[in-house]
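Novice: Compact mmCIF, C-alpha atoms and all ligand atoms, file target_36.txt:
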# COMPACT_ATOMS: atom_id res chain seq x y z
CA MET A 23 173.42 28.50 150.73
CA THR A 24 169.74 29.47 150.86
CA THR A 25 169.10 31.97 153.59
CA LEU A 26 165.86 33.18 155.14
CA THR A 27 165.85 36.33 153.06
CA ASN A 28 166.17 34.93 149.50
CA LEU A 29 163.48 32.27 149.31
CA ALA A 30 161.16 33.90 146.77
CA ILE A 31 157.76 32.50 145.83
CA ASN A 32 156.74 32.22 142.15
CA PRO A 33 153.92 34.78 141.70
CA GLN A 34 152.90 33.53 138.24
CA ARG A 35 152.58 29.93 139.42
CA LEU A 36 150.41 31.07 142.33
CA TRP A 37 148.20 33.15 140.04
CA ASP A 38 147.88 30.30 137.53
CA SER A 39 146.77 27.93 140.32
CA LEU A 40 144.20 30.45 141.56
CA MET A 41 142.77 30.85 138.06
CA GLU A 42 142.92 27.12 137.28
CA THR A 43 141.01 26.07 140.41
CA ALA A 44 138.51 28.92 139.98
CA ARG A 45 136.94 26.86 137.20
CA PHE A 46 135.67 24.33 139.78
CA GLY A 47 132.32 26.02 140.38
CA GLY A 48 133.22 29.02 138.24
CA THR A 49 130.27 31.34 137.47
CA ALA A 50 129.47 33.42 134.39
CA LYS A 51 130.10 36.60 136.41
CA GLY A 52 133.65 35.51 137.23
CA GLY A 53 133.00 34.28 140.76
CA ILE A 54 132.83 30.81 142.26
CA ARG A 55 129.87 28.76 143.51
CA ARG A 56 131.61 25.92 145.33
CA LEU A 57 129.44 25.05 148.34
CA THR A 58 131.00 22.66 150.79
CA LEU A 59 130.72 18.91 150.06
CA THR A 60 129.34 19.42 146.56
CA ASP A 61 130.85 17.87 143.43
CA GLU A 62 132.70 21.13 142.79
CA ASP A 63 134.23 20.89 146.27
CA ARG A 64 135.31 17.33 145.50
CA GLN A 65 136.94 18.49 142.26
CA VAL A 66 139.03 21.16 143.97
CA ARG A 67 139.93 18.79 146.79
CA ASP A 68 141.17 16.20 144.27
CA TRP A 69 143.20 18.91 142.49
CA PHE A 70 144.67 20.13 145.79
CA LYS A 71 145.62 16.59 146.93
CA ALA A 72 147.40 15.87 143.64
CA ALA A 73 149.25 19.22 143.73
CA CYS A 74 150.48 18.59 147.28
CA GLU A 75 151.60 15.04 146.47
CA ALA A 76 153.46 16.39 143.45
CA VAL A 77 155.81 18.25 145.83
CA GLY A 78 156.35 15.28 148.10
CA CYS A 79 153.66 15.94 150.70
CA THR A 80 151.69 13.19 152.40
CA VAL A 81 147.97 14.01 152.41
CA THR A 82 145.70 12.84 155.26
CA VAL A 83 141.94 13.44 155.66
CA ASP A 84 140.23 13.47 159.05
CA GLU A 85 136.75 12.36 160.05
CA VAL A 86 135.11 15.67 159.07
CA GLY A 87 136.98 16.08 155.80
CA ASN A 88 139.78 18.40 156.95
CA MET A 89 142.79 17.82 154.65
CA PHE A 90 146.43 17.95 155.88
CA ALA A 91 149.39 17.97 153.44
CA ARG A 92 152.60 17.30 155.38
CA ARG A 93 156.24 17.93 154.37
CA PRO A 94 158.79 16.48 156.81
CA GLY A 95 161.38 18.65 158.52
CA LYS A 96 164.84 17.89 159.93
CA ARG A 97 163.33 17.20 163.33
CA GLY A 98 160.36 14.88 163.46
CA ASP A 99 160.10 15.55 167.19
CA LEU A 100 158.91 19.11 166.53
CA GLN A 101 155.20 19.82 166.08
CA PRO A 102 154.40 20.94 162.52
CA ILE A 103 153.97 24.53 161.45
CA ALA A 104 150.57 24.71 159.74
CA MET A 105 149.35 27.09 157.01
CA GLY A 106 145.63 26.74 156.52
CA SER A 107 142.35 28.15 155.23
CA HIS A 108 139.39 26.88 153.17
CA LEU A 109 138.42 25.97 149.60
CA ASP A 110 134.63 26.13 149.99
CA THR A 111 132.86 29.33 148.92
CA GLN A 112 129.64 31.27 149.32
CA PRO A 113 126.89 30.65 146.70
CA THR A 114 127.98 33.86 144.95
CA GLY A 115 131.55 33.82 146.21
CA GLY A 116 134.75 35.22 144.79
CA LYS A 117 138.01 33.65 143.61
CA PHE A 118 140.09 34.57 146.67
CA ASP A 119 138.13 34.16 149.97
CA GLY A 120 139.79 31.15 151.62
CA VAL A 121 141.32 29.95 148.37
CA LEU A 122 144.23 32.40 148.56
CA GLY A 123 145.10 31.01 151.99
CA VAL A 124 145.25 27.41 150.80
CA LEU A 125 146.94 28.07 147.45
CA GLY A 126 149.26 30.68 148.95
CA ALA A 127 150.36 27.95 151.37
CA LEU A 128 150.77 25.55 148.44
CA GLU A 129 152.99 28.14 146.70
CA ALA A 130 155.11 28.44 149.84
CA MET A 131 155.40 24.64 149.95
CA ARG A 132 156.28 24.48 146.23
CA THR A 133 159.03 27.07 146.86
CA LEU A 134 160.52 25.05 149.73
CA HIS A 135 160.45 22.00 147.45
CA ASP A 136 162.04 23.82 144.49
CA MET A 137 164.86 25.10 146.69
CA SER A 138 165.23 21.78 148.55
CA TYR A 139 165.04 23.87 151.66
CA GLU A 140 164.82 21.72 154.78
CA THR A 141 162.92 23.32 157.65
CA ASN A 142 163.49 22.33 161.27
CA ALA A 143 159.81 21.52 161.87
CA PRO A 144 157.48 19.62 159.55
CA ILE A 145 155.24 21.94 157.51
CA GLU A 146 151.54 21.24 156.88
CA ILE A 147 148.98 22.85 154.59
CA VAL A 148 145.39 22.56 155.85
CA ASN A 149 142.11 22.76 153.94
CA TRP A 150 139.36 23.15 156.55
CA THR A 151 135.92 21.77 155.63
CA ASN A 152 132.87 24.07 155.62
CA GLU A 153 134.43 27.31 156.77
CA GLU A 154 131.64 29.35 155.19
CA GLY A 155 128.69 27.88 157.06
CA SER A 156 126.52 28.81 154.11
CA ARG A 157 125.29 25.31 153.22
CA PHE A 158 125.69 23.76 156.68
CA ALA A 159 125.49 26.14 159.67
CA PRO A 160 127.41 27.18 161.68
CA ALA A 161 130.51 28.55 159.97
CA MET A 162 134.00 27.19 160.74
CA LEU A 163 132.30 23.90 161.52
CA ALA A 164 135.13 21.44 160.84
CA SER A 165 137.90 23.57 162.35
CA GLY A 166 135.53 23.82 165.31
CA VAL A 167 135.39 20.02 165.55
CA PHE A 168 139.21 19.92 165.27
CA ALA A 169 139.43 22.43 168.15
CA GLY A 170 136.98 20.49 170.31
CA VAL A 171 134.22 23.11 170.09
CA PHE A 172 131.75 20.68 168.49
CA PRO A 173 131.64 16.86 168.62
CA PRO A 174 131.90 15.20 165.18
CA GLU A 175 128.34 13.94 165.63
CA PHE A 176 127.09 17.55 165.73
CA ALA A 177 128.74 18.26 162.38
CA TYR A 178 127.45 15.01 160.92
CA SER A 179 123.87 15.88 161.87
CA ARG A 180 123.81 19.33 160.28
CA GLU A 181 121.33 19.62 157.44
CA ASP A 182 121.24 22.00 154.50
CA ARG A 183 117.98 23.74 153.55
CA ASP A 184 117.14 20.74 151.30
CA GLY A 185 117.43 18.35 154.25
CA LYS A 186 120.70 16.75 153.11
CA ARG A 187 122.99 15.75 156.00
CA PHE A 188 126.66 16.77 156.31
CA VAL A 189 127.79 13.18 156.92
CA ASP A 190 125.98 11.82 153.86
CA GLU A 191 127.43 14.51 151.60
CA LEU A 192 130.91 14.03 153.09
CA GLU A 193 130.72 10.32 152.29
CA ARG A 194 129.20 10.94 148.87
CA ILE A 195 132.23 12.98 147.74
CA GLY A 196 134.65 10.48 149.26
CA TYR A 197 136.24 12.73 151.88
CA ARG A 198 135.17 11.14 155.15
CA GLY A 199 138.62 10.30 156.48
CA THR A 200 139.50 8.00 159.33
CA GLU A 201 141.77 10.24 161.41
CA LYS A 202 140.08 11.57 164.57
CA ALA A 203 139.59 15.34 164.24
CA GLY A 204 142.05 17.04 166.56
CA ALA A 205 144.25 13.96 166.94
CA ARG A 206 147.13 15.86 165.33
CA SER A 207 148.56 19.02 166.88
CA PHE A 208 150.41 22.06 165.55
CA GLY A 209 153.31 24.08 166.91
CA ALA A 210 151.80 27.08 165.13
CA MET A 211 149.11 27.91 162.55
CA PHE A 212 149.30 30.83 160.11
CA GLU A 213 146.28 31.73 157.94
CA LEU A 214 146.65 33.99 154.89
CA HIS A 215 143.34 35.59 153.84
CA ILE A 216 141.95 38.57 151.98
CA GLU A 217 140.78 41.31 154.37
CA GLN A 218 137.19 41.30 153.07
CA GLY A 219 136.97 44.92 154.17
CA PRO A 220 138.26 48.32 152.89
CA ILE A 221 140.90 49.36 155.46
CA LEU A 222 144.16 48.19 153.82
CA GLU A 223 143.13 49.55 150.42
CA ASP A 224 141.98 52.84 151.97
CA GLU A 225 145.32 53.30 153.75
CA GLY A 226 147.40 52.09 150.80
CA ARG A 227 148.97 49.27 152.84
CA MET A 228 149.69 45.78 151.50
CA ILE A 229 149.76 43.64 154.65
CA GLY A 230 147.34 43.32 157.57
CA VAL A 231 149.08 41.99 160.69
CA VAL A 232 145.99 40.46 162.26
CA THR A 233 145.86 40.47 166.07
CA GLY A 234 142.50 38.74 166.56
CA VAL A 235 138.91 38.08 165.41
CA GLN A 236 135.76 39.80 166.69
CA GLY A 237 132.97 37.93 168.48
CA MET A 238 130.17 36.47 166.33
CA ARG A 239 126.69 35.18 167.19
CA TRP A 240 124.14 33.56 164.85
CA TYR A 241 120.41 33.06 165.57
CA GLU A 242 117.50 31.39 163.76
CA VAL A 243 113.98 32.87 163.98
CA THR A 244 110.67 31.33 162.87
CA VAL A 245 107.65 33.67 162.87
CA THR A 246 104.21 32.07 162.66
CA GLY A 247 100.94 33.80 161.72
CA GLN A 248 98.03 32.57 159.67
CA GLU A 249 97.82 31.98 155.95
CA SER A 250 94.75 33.75 154.55
CA HIS A 251 93.32 35.29 151.39
CA THR A 252 94.92 38.65 150.47
CA GLY A 253 91.63 39.85 149.00
CA ALA A 254 89.10 38.68 151.52
CA THR A 255 91.01 39.17 154.80
CA PRO A 256 90.61 42.68 156.31
CA MET A 257 93.89 44.26 157.45
CA TYR A 258 92.86 44.32 161.12
CA LEU A 259 92.14 40.58 161.15
CA ARG A 260 95.43 39.42 159.61
CA LYS A 261 98.26 37.52 161.28
CA ASN A 262 100.92 38.39 158.76
CA ALA A 263 104.20 36.55 159.51
CA LEU A 264 106.10 38.50 156.85
CA LEU A 265 105.10 41.84 158.41
CA GLY A 266 106.48 40.58 161.72
CA ALA A 267 109.71 39.52 160.03
CA ALA A 268 110.00 42.86 158.25
CA ARG A 269 109.70 44.81 161.51
CA ALA A 270 112.21 42.45 163.14
CA ILE A 271 114.72 43.00 160.32
CA GLU A 272 114.40 46.77 160.72
CA MET A 273 114.86 46.35 164.52
CA ILE A 274 118.01 44.22 164.08
CA ASN A 275 119.56 46.93 161.92
CA ALA A 276 118.63 49.59 164.50
CA VAL A 277 120.10 47.61 167.42
CA ALA A 278 123.43 47.26 165.58
CA LEU A 279 123.48 51.00 164.84
CA GLU A 280 123.09 51.76 168.56
CA HIS A 281 126.57 50.27 169.24
CA PRO A 282 129.63 51.70 167.46
CA SER A 283 131.57 49.02 165.46
CA ALA A 284 128.75 46.50 165.92
CA VAL A 285 127.27 44.83 162.83
CA GLY A 286 123.87 43.15 162.55
CA SER A 287 122.47 41.39 159.48
CA VAL A 288 119.70 39.15 158.19
CA GLY A 289 121.01 37.19 155.22
CA LEU A 290 118.71 34.23 154.71
CA ILE A 291 114.89 34.45 154.67
CA GLU A 292 112.25 31.92 153.64
CA ASN A 293 108.65 33.08 153.29
CA LYS A 294 105.82 30.50 153.22
CA PRO A 295 103.83 29.80 151.19
CA ASN A 296 105.43 32.63 149.12
CA SER A 297 102.35 33.06 146.96
CA ARG A 298 101.20 36.41 145.55
CA ASN A 299 97.71 36.22 146.99
CA VAL A 300 98.26 34.48 150.31
CA VAL A 301 98.99 36.39 153.54
CA PRO A 302 102.27 34.69 154.66
CA GLY A 303 101.73 32.26 157.52
CA GLU A 304 105.37 31.42 158.34
CA VAL A 305 108.73 33.10 157.85
CA PHE A 306 112.19 31.68 158.71
CA PHE A 307 115.19 34.01 158.86
CA THR A 308 118.75 34.09 160.17
CA VAL A 309 120.46 36.78 162.30
CA ASP A 310 124.22 37.58 162.43
CA PHE A 311 125.52 39.97 165.15
CA ARG A 312 129.26 40.75 165.59
CA HIS A 313 131.37 42.99 167.81
CA PRO A 314 134.93 42.86 169.27
CA ASP A 315 133.60 42.98 172.88
CA GLU A 316 131.57 40.08 174.36
CA ALA A 317 129.89 42.37 176.93
CA VAL A 318 128.49 44.51 174.09
CA LEU A 319 127.27 41.38 172.30
CA ASP A 320 125.44 40.44 175.51
CA VAL A 321 123.68 43.83 175.52
CA ILE A 322 122.83 43.51 171.83
CA GLU A 323 121.45 40.01 172.36
CA ALA A 324 119.24 41.17 175.24
CA LYS A 325 117.86 44.11 173.24
CA PHE A 326 117.24 41.87 170.20
CA ARG A 327 115.24 39.35 172.23
CA GLU A 328 113.24 41.96 174.15
CA ARG A 329 112.27 43.91 171.04
CA LEU A 330 111.52 40.78 169.02
CA ALA A 331 109.03 39.65 171.67
CA ALA A 332 107.37 43.09 171.67
CA ILE A 333 106.97 43.11 167.87
CA MET A 334 105.39 39.66 167.84
CA ALA A 335 103.04 40.47 170.74
CA GLU A 336 101.79 43.61 169.01
CA LEU A 337 101.06 41.70 165.78
CA LYS A 338 99.68 38.65 167.62
CA LEU A 339 102.25 36.36 165.99
CA GLY A 340 104.06 33.28 167.27
CA CYS A 341 107.84 33.34 167.34
CA GLU A 342 110.60 30.81 167.99
CA GLU A 343 114.15 32.16 168.32
CA LYS A 344 117.35 30.29 169.17
CA ARG A 345 121.04 31.12 169.19
CA ILE A 346 122.74 28.48 167.05
CA TRP A 347 126.30 29.77 167.18
CA ASN A 348 128.53 31.77 169.51
CA SER A 349 132.15 32.34 168.50
CA PRO A 350 133.73 34.56 171.19
CA ALA A 351 136.28 37.25 170.35
CA VAL A 352 139.80 35.81 169.93
CA LYS A 353 143.29 37.27 170.42
CA PHE A 354 146.15 35.73 168.39
CA ALA A 355 149.62 34.66 169.59
CA THR A 356 152.02 37.60 170.02
CA ASP A 357 155.13 35.68 168.91
CA LEU A 358 153.42 34.62 165.67
CA ILE A 359 152.16 38.18 165.13
CA ASP A 360 155.79 39.24 165.46
CA CYS A 361 156.85 36.69 162.81
CA VAL A 362 154.25 38.12 160.40
CA SER A 363 155.38 41.67 161.12
CA LEU A 364 159.01 40.73 160.47
CA GLY A 365 157.94 38.78 157.38
CA ALA A 366 156.26 41.90 155.99
CA ASP A 367 159.34 44.02 156.73
CA ARG A 368 161.63 41.48 155.01
CA ALA A 369 159.42 41.61 151.93
CA GLY A 370 159.36 45.41 152.09
CA TYR A 371 155.59 45.87 152.41
CA ALA A 372 153.68 48.58 154.30
CA LYS A 373 151.64 46.98 157.07
CA ARG A 374 149.22 47.73 159.89
CA GLU A 375 147.81 45.79 162.82
CA MET A 376 144.09 45.03 162.71
CA VAL A 377 141.27 42.85 164.13
CA SER A 378 139.35 40.68 161.68
CA GLY A 379 135.70 41.58 161.08
CA ALA A 380 135.09 38.29 159.30
CA GLY A 381 135.22 34.90 160.95
CA HIS A 382 138.01 32.47 160.05
CA ASP A 383 139.11 28.94 160.96
CA ALA A 384 142.05 30.59 162.75
CA ALA A 385 139.56 31.83 165.37
CA TYR A 386 138.93 28.22 166.47
CA ILE A 387 142.43 26.86 165.91
CA ALA A 388 143.72 29.58 168.27
CA ARG A 389 142.12 27.50 171.05
CA VAL A 390 144.45 24.53 170.45
CA ALA A 391 147.61 26.04 168.92
CA PRO A 392 149.41 29.39 168.73
CA THR A 393 147.73 31.00 165.71
CA THR A 394 147.70 34.20 163.70
CA MET A 395 146.62 35.61 160.33
CA ILE A 396 147.94 37.69 157.46
CA PHE A 397 145.63 39.94 155.40
CA VAL A 398 146.02 41.38 151.93
CA PRO A 399 143.62 43.92 150.37
CA CYS A 400 140.62 43.22 148.13
CA LEU A 401 139.16 45.75 145.71
CA GLY A 402 136.79 48.13 147.51
CA GLY A 403 136.76 45.73 150.45
CA ILE A 404 134.17 43.71 148.52
CA SER A 405 133.90 39.99 149.35
CA HIS A 406 131.19 37.32 149.49
CA ASN A 407 130.50 38.70 146.03
CA GLU A 408 131.39 37.40 142.55
CA ALA A 409 133.15 40.72 141.91
CA GLU A 410 135.69 39.98 144.70
CA SER A 411 139.10 40.98 143.35
CA THR A 412 142.66 40.78 144.70
CA THR A 413 145.48 41.61 142.31
CA PHE A 414 148.36 39.44 141.08
CA ASP A 415 150.79 41.53 143.18
CA GLU A 416 148.61 41.43 146.31
CA CYS A 417 148.29 37.64 146.09
CA ALA A 418 152.05 37.35 145.62
CA ALA A 419 152.69 39.67 148.57
CA GLY A 420 150.51 37.57 150.84
CA ALA A 421 152.18 34.32 149.87
CA GLN A 422 155.66 35.82 150.24
CA VAL A 423 154.90 37.18 153.71
CA LEU A 424 153.35 33.83 154.67
CA LEU A 425 156.56 32.04 153.62
CA ASN A 426 158.73 34.62 155.39
CA ALA A 427 156.64 34.30 158.56
CA ILE A 428 156.79 30.52 158.78
CA LEU A 429 160.54 30.54 158.06
CA GLU A 430 161.05 33.15 160.75
CA TYR A 431 159.07 31.03 163.22
CA ASP A 432 160.95 27.88 162.11
CA SER A 433 164.31 29.61 162.52
CA ARG A 434 163.48 30.20 166.19
CA LEU A 435 163.11 26.44 166.71
CA GLY A 436 166.51 25.49 165.33
O1 LIG B 501 130.97 34.44 158.27
C1 LIG B 501 132.17 34.68 158.13
O2 LIG B 501 132.66 35.66 158.64
C2 LIG B 501 133.05 33.78 157.31
O3 LIG B 501 133.19 34.34 156.04
N1 LIG B 501 132.53 32.46 157.19
MN MN B 502 137.08 32.95 154.34
MN MN B 503 133.84 33.76 153.54
What does this structure look like when you write it as structure tokens?
Ligand code: HGY
Ligand code: MN
Ligand code: MN
Specialist:
Amino acid sequence: MTTLTNLAINPQRLWDSLMETARFGGTAKGGIRRLTLTDEDRQVRDWFKAACEAVGCTVTVDEVGNMFARRPGKRGDLQPIAMGSHLDTQPTGGKFDGVLGVLGALEAMRTLHDMSYETNAPIEIVNWTNEEGSRFAPAMLASGVFAGVFPPEFAYSREDRDGKRFVDELERIGYRGTEKAGARSFGAMFELHIEQGPILEDEGRMIGVVTGVQGMRWYEVTVTGQESHTGATPMYLRKNALLGAARAIEMINAVALEHPSAVGSVGLIENKPNSRNVVPGEVFFTVDFRHPDEAVLDVIEAKFRERLAAIMAELKLGCEEKRIWNSPAVKFATDLIDCVSLGADRAGYAKREMVSGAGHDAAYIARVAPTTMIFVPCLGGISHNEAESTTFDECAAGAQVLLNAILEYDSRLG
């Protein structure tokens, strides 16, 4: 008789799957470049679909490319327990961000299959499209459509910096499904993810019992000046868009530093015409502010806008700024948090509660289903970096706690 406590995942099989799929977009430095809706994304999606079908799952794709692999339970009347994350990566991403959550869920599913363990509720693995928001902004786009935050048309219209549209790329790789996004519902959603920060490693703990996600706001800024000759244009007569952007970037950093636990970043910048001997006439850049408290984000936003206007006035530059994304702070479901905590205890791992600094699909799914997350460490807290590293044992620990947590939740339904 298989009981809750002795269903053990297969750590080697999990590790082998992580390393095997890392070749889809694998980089020379050992990371992954697998931008959403590229051929590399299609390759890993095809691999994932086949792996799920190999353990008896039915795979469905919705209208924005979200993939759902479903294993039936004893009671079809119960809403499924979902385990989800993402397979797309940053341009210089690592092997584990998002991927561990999807393949850790696959390992849990493979274990249930191996043991012929029948759960009460159906179980579903989810691969959410475009979590990263690197190619098509904003982040968590397709889980946002699923949660009713964005209409599908908004996602379809998003363009990458080369002007390619989301919908065209989705069709090109053959993953524009027919199911309406959000048509299916979950009884619960658990997301396993690497912490992407240094706290667990620093405290020597294996499991992060995640209680929520901080608030996040993204902006786009276009500074306009006047292109002119770097040799013939006196300094006092210039309208240098890049100087304006530089002062703004310094200001954004300063505003974040004025508020404990706030973060502020500029990650993407395009300078035009980007020629050695032309005073830049136009600069586009992105802004990312985050904090656990919405009221503080409001203060930060007001300071950012006021100081941006002052910089541009002083330098006689034009400036367009718009907020393109606002993901409010989220608190996860206490009963699911309890299942994770028990799951960590059953596996014998040291744990601690924490709020996520990074954004995750779970932040949006929490709007439509009870949701929570499980963290495991990553080396030096480094992520969104080809050097991202989570060990064999840490990956195994995360998958085991994920399995324990969903079985604990399932046992409460029986
Ligand atoms: O931006 C984020 O926090 C996530 O990695 N997409
Ligand atoms: Mn991620
Ligand atoms: Mn990420």
Novice: To check your reading of the model: which residues sit at most 10 Å from ligand MN 502 (chain B) when counting all atoms listed in the file? Write the answer as a PDB file with C-alpha atoms, in the frame of the given file.
Specialist:
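Ended up saving to out.pdb:
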ATOM      1  CA  SER A 107     142.350  28.150 155.230  1.00  0.00           C
ATOM      2  CA  HIS A 108     139.390  26.880 153.170  1.00  0.00           C
ATOM      3  CA  LEU A 109     138.420  25.970 149.600  1.00  0.00           C
ATOM      4  CA  ASP A 110     134.630  26.130 149.990  1.00  0.00           C
ATOM      5  CA  THR A 111     132.860  29.330 148.920  1.00  0.00           C
ATOM      6  CA  GLN A 112     129.640  31.270 149.320  1.00  0.00           C
ATOM      7  CA  GLY A 115     131.550  33.820 146.210  1.00  0.00           C
ATOM      8  CA  PHE A 118     140.090  34.570 146.670  1.00  0.00           C
ATOM      9  CA  ASP A 119     138.130  34.160 149.970  1.00  0.00           C
ATOM     10  CA  GLY A 120     139.790  31.150 151.620  1.00  0.00           C
ATOM     11  CA  VAL A 121     141.320  29.950 148.370  1.00  0.00           C
ATOM     12  CA  LEU A 122     144.230  32.400 148.560  1.00  0.00           C
ATOM     13  CA  GLY A 123     145.100  31.010 151.990  1.00  0.00           C
ATOM     14  CA  ASN A 152     132.870  24.070 155.620  1.00  0.00           C
ATOM     15  CA  GLU A 153     134.430  27.310 156.770  1.00  0.00           C
ATOM     16  CA  GLU A 154     131.640  29.350 155.190  1.00  0.00           C
ATOM     17  CA  ALA A 161     130.510  28.550 159.970  1.00  0.00           C
ATOM     18  CA  MET A 162     134.000  27.190 160.740  1.00  0.00           C
ATOM     19  CA  GLU A 213     146.280  31.730 157.940  1.00  0.00           C
ATOM     20  CA  LEU A 214     146.650  33.990 154.890  1.00  0.00           C
ATOM     21  CA  HIS A 215     143.340  35.590 153.840  1.00  0.00           C
ATOM     22  CA  ILE A 216     141.950  38.570 151.980  1.00  0.00           C
ATOM     23  CA  GLU A 217     140.780  41.310 154.370  1.00  0.00           C
ATOM     24  CA  GLN A 218     137.190  41.300 153.070  1.00  0.00           C
ATOM     25  CA  ALA A 380     135.090  38.290 159.300  1.00  0.00           C
ATOM     26  CA  GLY A 381     135.220  34.900 160.950  1.00  0.00           C
ATOM     27  CA  HIS A 382     138.010  32.470 160.050  1.00  0.00           C
ATOM     28  CA  ASP A 383     139.110  28.940 160.960  1.00  0.00           C
ATOM     29  CA  SER A 405     133.900  39.990 149.350  1.00  0.00           C
ATOM     30  CA  HIS A 406     131.190  37.320 149.490  1.00  0.00           C
TER      31      HIS A 406
END
Novice: If you measure from CA of Pro399 (chain A) to CA of Ile221 (chain A), what distance in Å do you get, rounded to one decimal?
Specialist: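 Going from CA of Pro399 (chain A) over to CA of Ile221 (chain A), I get 7.9 Å.
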Novice: Taking all atoms listed in the file into account, which of A:Val377, A:Gly155, A:Tyr431, A:Gly247 comes nearest Asp310 (chain A)?
Specialist: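 Comparing A:Val377, A:Gly155, A:Tyr431, A:Gly247 against Asp310 (chain A), the winner is A:Gly155.
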Novice: Which is closer to Val277 (chain A) than all the others in A:Val124, A:Leu401, A:Ile229, A:Val321, using only C-alpha atoms?
Specialist: A:Val321
Novice: Return the single residue from A:Ser349, A:Asn296, A:Thr393, A:Thr43 that is closest to ligand LIG 501 (chain B), with distances computed using all atoms listed in the file.
Specialist: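 Among the listed residues, the smallest separation from ligand LIG 501 (chain B) belongs to A:Ser349.
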Novice: Neighbours of Ile147 (chain A) within 12 Å (all atoms listed in the file; same-chain residues fewer than 2 positions away dropped), as a ChimeraX atom specification?
Specialist: /A:70-71,73-75,79-83,88-94,102-108,123-132,144-145,149-150,208,210-214,424-425,428
Novice: From the set A:Asn348, A:Thr308, A:Thr49, A:Gln248, which residue has the shortest atom-to-atom contact distance to Lys261 (chain A), counting all atoms listed in the file?
Specialist: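 Using all atoms listed in the file, Lys261 (chain A) sits closest to A:Gln248.
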Novice: My list of candidates is A:Glu408, A:Gly286, A:Ile387, A:Asp357. Which is closest to ligand MN 503 (chain B) when distances are computed with all atoms listed in the file?
Specialist: A:Glu408
Novice: Taking only C-alpha atoms into account, which of A:Arg269, A:Arg434, A:Arg227, A:Lys344 comes nearest Gly370 (chain A)?
Specialist: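 Among the listed residues, A:Arg227 lies closest to Gly370 (chain A).
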Novice: Any chance you could work out the axis-aligned box around ligand LIG 501 (chain B), listed atoms only, 8 Å on each side, giving centre and edge lengths in Å to one decimal, as lines of an AutoDock Vina configuration file?
Specialist:
center_x = 132.1
center_y = 34.1
center_z = 157.3
size_x = 18.2
size_y = 19.2
size_z = 18.6
Novice: I need every residue sitting at most 9 Å from the point (163.7, 25.8, 145.7) (coordinates as in the file, only C-alpha atoms considered), written as a PyMOL selection string.
Specialist: chain A and resi 24+29-31+132-139
Novice: One decimal, Å: what's the distance from CA of Phe172 (chain A) over to CA of Glu191 (chain A), could you say?
Specialist: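 About the pair CA of Phe172 (chain A) and CA of Glu191 (chain A): they are 18.5 Å apart.
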Novice: Mind pulling up the distance from CA of Leu36 (chain A) to CA of Gly78 (chain A)?
Specialist: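 Computed distance, CA of Gly78 (chain A) to CA of Leu36 (chain A), equals 17.8 Å.
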Novice: Thr255 (chain A): which residues within 12 Å, counting only C-alpha atoms, same-chain residues fewer than 5 positions away excluded, as a list in words?
Specialist: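 After dropping sequence-adjacent residues, the list is Gln248, Glu249, Ser250, Arg260, Lys261, Asn262, Asn299, Val300 and Val301 of chain A.
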Novice: Could you give me, as a PyMOL selection string, the residues within 12 Å of Thr356 (chain A), counting all atoms listed in the file and dropping anything in the same chain fewer than 2 positions from it?
Specialist: chain A and resi 210+231-234+353-354+358-363+375+388+392-395+431
Novice: Extract, using only C-alpha atoms, all DNA, RNA and protein residues at most 12 Å from Arg329 (chain A), discarding same-chain residues fewer than 3 positions from it, and format them as a list of chain:residue names.
Specialist: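 With the cut-off at 12 Å, the set is A:Gly266, A:Arg269, A:Ala270, A:Ile271, A:Glu272, A:Met273, A:Ile274, A:Ala276, A:Val277, A:Ile322, A:Glu323, A:Ala324, A:Lys325, A:Phe326, A:Ala332, A:Ile333, A:Met334, A:Ala335, A:Glu336.
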Novice: Do you know which residues are at most 7 Å from Gly199 (chain A) counting only C-alpha atoms, after dropping those on the same chain fewer than 6 positions away, and could you put them as an mmCIF file with C-alpha atoms, keeping the file's coordinate frame?
Specialist:
data_model
loop_
_atom_site.group_PDB
_atom_site.id
_atom_site.type_symbol
_atom_site.label_atom_id
_atom_site.label_comp_id
_atom_site.auth_asym_id
_atom_site.auth_seq_id
_atom_site.Cartn_x
_atom_site.Cartn_y
_atom_site.Cartn_z
ATOM 1 C CA VAL A 83 141.940 13.440 155.660
ATOM 2 C CA ASP A 84 140.230 13.470 159.050
ATOM 3 C CA GLU A 85 136.750 12.360 160.050
ATOM 4 C CA VAL A 86 135.110 15.670 159.070
ATOM 5 C CA GLY A 87 136.980 16.080 155.800
#
